[in-house]
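First the structure, in the form of structure tokens, and then the observations on it.
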Amino acid sequence: MTTAQPDVSKWPFQSVLVANRGEIAVRVLRTVQKLGLKGIVVYHAADRGTAAVKMADQAIEITGPTPVASYLDGAQIIAAAQASGAGAIHPGYGFLSENKGFCAAVEAAGIRFIGPTPEQIDLMGDKVRARNFVEKAGFPVAPSAIEDDDPKTFVERSRKVGAPLLIKPSAGGGGKGMRIVRDLTLLEQEIERGRSEGQRYFGDGRLYCERYIENPRHIEVQVLGDGQGSVVHVFERECSVQRRFQKIVEETPSPALDAALREKICETAAGIARSLNYRNAGTVEFIFGQGGEFYFLEMNTRLQVEHPVTEEITGIDLVLQQLRVAAGEKLGYGQADVKSSGHSIEFRIYAEDAARGYTPTTGPILVLHPPQGEGVRWDSGVLQGGEVTSAFDPMIAKLIIRGSDRNDAIARADKALRETVLLGCKTNTAFLRRLLQHPAFVAGDVHTGFLDANPQIAAEPEMPAETLQALLGAAALSTRPMRDVADAVPDMHAAMGGWRN
Amino acid sequence: MHHAFKLGDAEHNLELSRSASAYRLHLGEQVVDVDLKTGADGRAWLTLGERHIEVVIATRGDDVFVHLDGEAYQLRYQHPLDRLAAQAGGSAEDHIRAPMPGSIVSVSVKAGDAVAKGQTLLVMESMKMETTIAAPRDGTVAAVTYEKGQTFDRDALLLSLEPMEKKS
């Protein structure tokens, strides 16, 4: 879809402050500046040399007890916006993007918040209220039974949810005290054991039960709403490849959906957004069972990390749509106008060591040659000469690939990952190449537990003898003390050196 | 003169000498002709025997970073004097270093404690994630460097074990 360039001279703001850092600050600034608006960023000293600060028309330093704390200091950021005359604030993702208090304070200061209303943030930020809202509106949520609703009938209500069941402590977290029940004759016994574990771990024996989805996929749907009655979906994203409950590869279209199921899940998401009269770009996340059943998980009321794959297949600039809506414009197009073609996959480039449990790494960025070519997009906030520190999240870039179909995108991705040169800090690019060559990934047959079930993908493969020779040769020739020793021996002796051993 | 590089957990001994036209790499019994020509953009051509391989190389202190055949590697030059000192002072297993920057969540042992291989020595935290540091072998704790709550950089010495007694 191609939308006409908006006439920003009529907008209520002519400058936008980005209350974020890294690649997303760069991403937002790109659209802001393309429109001819002034782009402002706030930054902590740790980010002084980063791409966003260099690119912005104005950069304002903020301080805090830690670098992260400075980006969470709403009052300081609003003060920076007022000092710079910013007419709107874009929160990016993370940090203050889903903070109702910040959103309300921004609007109270007479500045446009590029996001939803405070009420929408509040509702979707509370998992139980969000679930109840969605259920009441007539959309699918995972069948469940909450003990607190009526303790006397808990066992009976749990039985009605049906097997397989997951029992969770109400006060729980981190998987502790959770029990899977596949045989309902064991239900009461398992509830008692779950209660005693909850009591032991959390000092609270209250429980709830929900339908357990075996090997689920994570499928989410991009929505856009103008808060003036118009909502469209912008298709789905498949985000099932995860490690430590965090997405690392996202793609669209999802290989799990046929046309009918795609329409059903996308329309469900649009319906949920419509029932909120949603304003802003947002994402409705679903848990998707192997049998094609899906349930509402949560709604993120902000731009997602993985938004670029949607942009690549639809040609819609999602940041531009956020800005238009915040400026009071109507969407101005309907569902039939939103079309997609081709396939797009995003790879999150992390500073981490996959073979050591995906632990973060740090280091200088001595050399950075981003990949190039048709269908290759590199969204990054780091520059050669910069440094990856432990102050922030270890994501350093996103590689977004577009292809005519999924196989084409995979082939282009492999080439682009191969050509990505980043020296000074270990990254996951080699791991990502092993992942995309795995038969299950090639077949599109993955679920959220896929990487845990296949730890060999993360393991460092054995190094061929020739590779080791090449590395040692390159290292020896690049190390001054070794060259000096070699050069100190006259050529005559060197010629004989071959026989010395 | 013996030189060595550390690559991952393994240490590789090697020597470099001149050949009539360039250099020779000595790896144990193997001798390979090598050369390296670097262009302005950091891309370089490595000659290895008959092969010519495109590489990108960056160095920082004793670290050599190499991008080869689509992957990045890090090698660390081991100074001969440091290696001698390390040999005199016991094996690398005696010194437990931080695998990544972070802070100490808890310390389970103190100097003088006897520990068994695999036993938890301390728990560290990095980027909201806890990592357990376990004893690499049976032994006695010589010293603990940090207390709960203190922060450290990667490769900081967290804890050391008494050197193993030499077999006579």
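Chains: A, B, ... in order of the structure tokens. Residues: from 1 per chain. Ligands: from 1, in order shown.
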Quick one: residues within 7 Å of stretch 96-104 of chain B, only C-alpha atoms counted, chain neighbours fewer than 4 positions away excluded, as number ranges by chain?
A: 360-361, 390; B: 123-126, 147-160
Go ahead and write the selection's residues with C-alpha atoms as a PDB file, in the first residue's frame.
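Wrote it out as out.pdb, contents follow:
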ATOM      1  CA  PRO A 360      25.790 -11.778  27.228  1.00  0.00           C
ATOM      2  CA  THR A 361      29.170 -10.606  25.985  1.00  0.00           C
ATOM      3  CA  SER A 390      26.581  -4.386  30.185  1.00  0.00           C
TER       4      SER A 390
ATOM      5  CA  VAL B 123      26.337 -16.930  42.153  1.00  0.00           C
ATOM      6  CA  MET B 124      26.800 -13.894  39.940  1.00  0.00           C
ATOM      7  CA  GLU B 125      24.310 -11.763  38.092  1.00  0.00           C
ATOM      8  CA  SER B 126      24.643 -10.197  34.692  1.00  0.00           C
ATOM      9  CA  GLU B 147      31.713  -9.791  48.423  1.00  0.00           C
ATOM     10  CA  LYS B 148      28.001  -9.860  47.814  1.00  0.00           C
ATOM     11  CA  GLY B 149      26.842  -6.820  45.819  1.00  0.00           C
ATOM     12  CA  GLN B 150      30.239  -5.901  44.375  1.00  0.00           C
ATOM     13  CA  THR B 151      30.627  -5.509  40.600  1.00  0.00           C
ATOM     14  CA  PHE B 152      33.405  -6.713  38.320  1.00  0.00           C
ATOM     15  CA  ASP B 153      34.497  -6.787  34.672  1.00  0.00           C
ATOM     16  CA  ARG B 154      34.844  -9.780  32.430  1.00  0.00           C
ATOM     17  CA  ASP B 155      37.882 -11.939  33.244  1.00  0.00           C
ATOM     18  CA  ALA B 156      38.166 -10.466  36.752  1.00  0.00           C
ATOM     19  CA  LEU B 157      39.596 -13.001  39.216  1.00  0.00           C
ATOM     20  CA  LEU B 158      36.592 -14.065  41.292  1.00  0.00           C
ATOM     21  CA  LEU B 159      38.105 -16.819  43.372  1.00  0.00           C
ATOM     22  CA  SER B 160      41.253 -18.902  43.506  1.00  0.00           C
TER      23      SER B 160
END
Close residues, A:Leu261 itself excluded, 12 Å, only C-alpha atoms, min 2 positions apart in chain, as a PyMOL selection string
chain A and resi 219+235-236+253-259+263-268+288+291-294
Now that the selection is made, can you save its residues with C-alpha atoms as a PDB file, in the first residue's frame?
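What landed in out.pdb:
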ATOM      1  CA  ILE A 219       1.777 -15.780  16.667  1.00  0.00           C
ATOM      2  CA  PHE A 235      -1.165  -9.285   9.139  1.00  0.00           C
ATOM      3  CA  GLU A 236       0.561 -11.638  11.518  1.00  0.00           C
ATOM      4  CA  PRO A 253       3.716 -14.613   6.877  1.00  0.00           C
ATOM      5  CA  SER A 254       3.598 -17.402   9.485  1.00  0.00           C
ATOM      6  CA  PRO A 255       4.331 -20.812   7.945  1.00  0.00           C
ATOM      7  CA  ALA A 256       1.676 -22.259  10.285  1.00  0.00           C
ATOM      8  CA  LEU A 257      -1.327 -20.469   8.798  1.00  0.00           C
ATOM      9  CA  ASP A 258      -3.390 -21.140   5.711  1.00  0.00           C
ATOM     10  CA  ALA A 259      -5.496 -18.354   4.210  1.00  0.00           C
ATOM     11  CA  GLU A 263      -8.034 -14.331   8.191  1.00  0.00           C
ATOM     12  CA  LYS A 264      -9.531 -15.719  11.404  1.00  0.00           C
ATOM     13  CA  ILE A 265      -6.614 -14.834  13.692  1.00  0.00           C
ATOM     14  CA  CYS A 266      -6.026 -11.420  12.065  1.00  0.00           C
ATOM     15  CA  GLU A 267      -9.720 -10.523  12.270  1.00  0.00           C
ATOM     16  CA  THR A 268      -9.784 -11.615  15.916  1.00  0.00           C
ATOM     17  CA  PHE A 288      -1.281 -21.065  18.982  1.00  0.00           C
ATOM     18  CA  GLY A 291      -4.212 -28.203  16.182  1.00  0.00           C
ATOM     19  CA  GLY A 292      -4.800 -24.658  14.948  1.00  0.00           C
ATOM     20  CA  GLU A 293      -6.568 -23.432  18.117  1.00  0.00           C
ATOM     21  CA  PHE A 294      -5.440 -20.042  19.406  1.00  0.00           C
TER      22      PHE A 294
END
Please provide as a PyMOL selection string all residues within 12 Å of stretch 362-368 of chain A, with the sequence filter that same-chain residues fewer than 5 positions apart are discarded (counting only C-alpha atoms).
(chain A and resi 50+350-353+378+380-397+419-427) or (chain B and resi 41-43+56-61+63-67+72+74+99-102+126-127+153-155)
Nearest to chain B, chosen from A:Asp226, A:Glu460, A:Asp337, A:Glu61, with only C-alpha atoms counted in the distances
A:Glu460
When DSSP is applied to the backbone of this structure, which of stretch 37-160 of chain B are assigned alpha helix (DSSP H)? Write them out as JSON, numbers by chain.
{"B": [80, 81, 82, 83, 84, 85, 86, 87, 88]}
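Note that DSSP on the backbone gives strand (DSSP E) to these residues of stretch 31-75 of chain A: Lys38, Gly39, Ile40, Val41, Val42, Tyr43, Gln58, Ala59, Ile60 and Glu61 of chain A.
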Any idea what the distance is between atom CA of A:Asn215 and atom CA of A:Val309?
24.0 Å
Distance limit 6 Å, atoms considered: only C-alpha atoms. Which chain B residues sit that close to chain A? Return them as a ChimeraX atom specification.
/B:16-20,64-65,70-71
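If you look at atom CA of A:Arg200 and atom CA of A:Pro169, they are 10.7 Å away from each other.
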Leaving out A:Gln58 and any residue of its chain fewer than 6 positions from it, which residues lie within 7 Å of it when counting only C-alpha atoms, given as a list in words?
Gly39, Ile40 and Val41 of chain A
Fewer than 5 positions away in the same chain doesn't count, so skip those; otherwise give me all residues within 9 Å of A:Leu432, counting only C-alpha atoms, as a list in words.
Ile248, Val249, Phe347, Arg348, Ile349, Asp414, Leu417, Gln437, Ile457 and Ala458 of chain A
Would you put the residues from that selection into a file with N, CA and C atoms, as a short mmCIF file (atom, residue, chain, number, x, y, z; two decimals), in the first residue's frame?
data_model
loop_
_atom_site.label_atom_id
_atom_site.label_comp_id
_atom_site.auth_asym_id
_atom_site.auth_seq_id
_atom_site.Cartn_x
_atom_site.Cartn_y
_atom_site.Cartn_z
N ILE A 248 14.01 -14.36 19.09
CA ILE A 248 15.25 -14.02 18.38
C ILE A 248 15.08 -14.00 16.86
N VAL A 249 14.08 -14.72 16.35
CA VAL A 249 13.79 -14.70 14.91
C VAL A 249 12.29 -14.52 14.76
N PHE A 347 16.23 -11.17 12.11
CA PHE A 347 17.15 -11.86 13.01
C PHE A 347 17.69 -10.84 13.99
N ARG A 348 17.55 -11.14 15.27
CA ARG A 348 18.10 -10.21 16.26
C ARG A 348 19.57 -10.56 16.49
N ILE A 349 20.43 -9.59 16.20
CA ILE A 349 21.86 -9.80 16.42
C ILE A 349 22.16 -9.40 17.86
N ASP A 414 21.00 -16.23 4.83
CA ASP A 414 22.25 -16.96 5.08
C ASP A 414 23.43 -16.17 4.50
N LEU A 417 24.02 -12.98 6.68
CA LEU A 417 24.65 -13.28 7.98
C LEU A 417 26.13 -13.60 7.78
N GLN A 437 19.63 -23.08 8.99
CA GLN A 437 19.90 -24.25 8.14
C GLN A 437 19.28 -25.52 8.72
N ILE A 457 22.04 -26.96 18.43
CA ILE A 457 22.13 -25.82 17.51
C ILE A 457 22.98 -24.71 18.15
N ALA A 458 22.88 -24.60 19.48
CA ALA A 458 23.63 -23.55 20.17
C ALA A 458 25.09 -23.95 20.40
#
Rounded to one decimal, what separation in Å do you get between atom CA of B:Leu36 and atom CA of A:Pro461?
26.5 Å
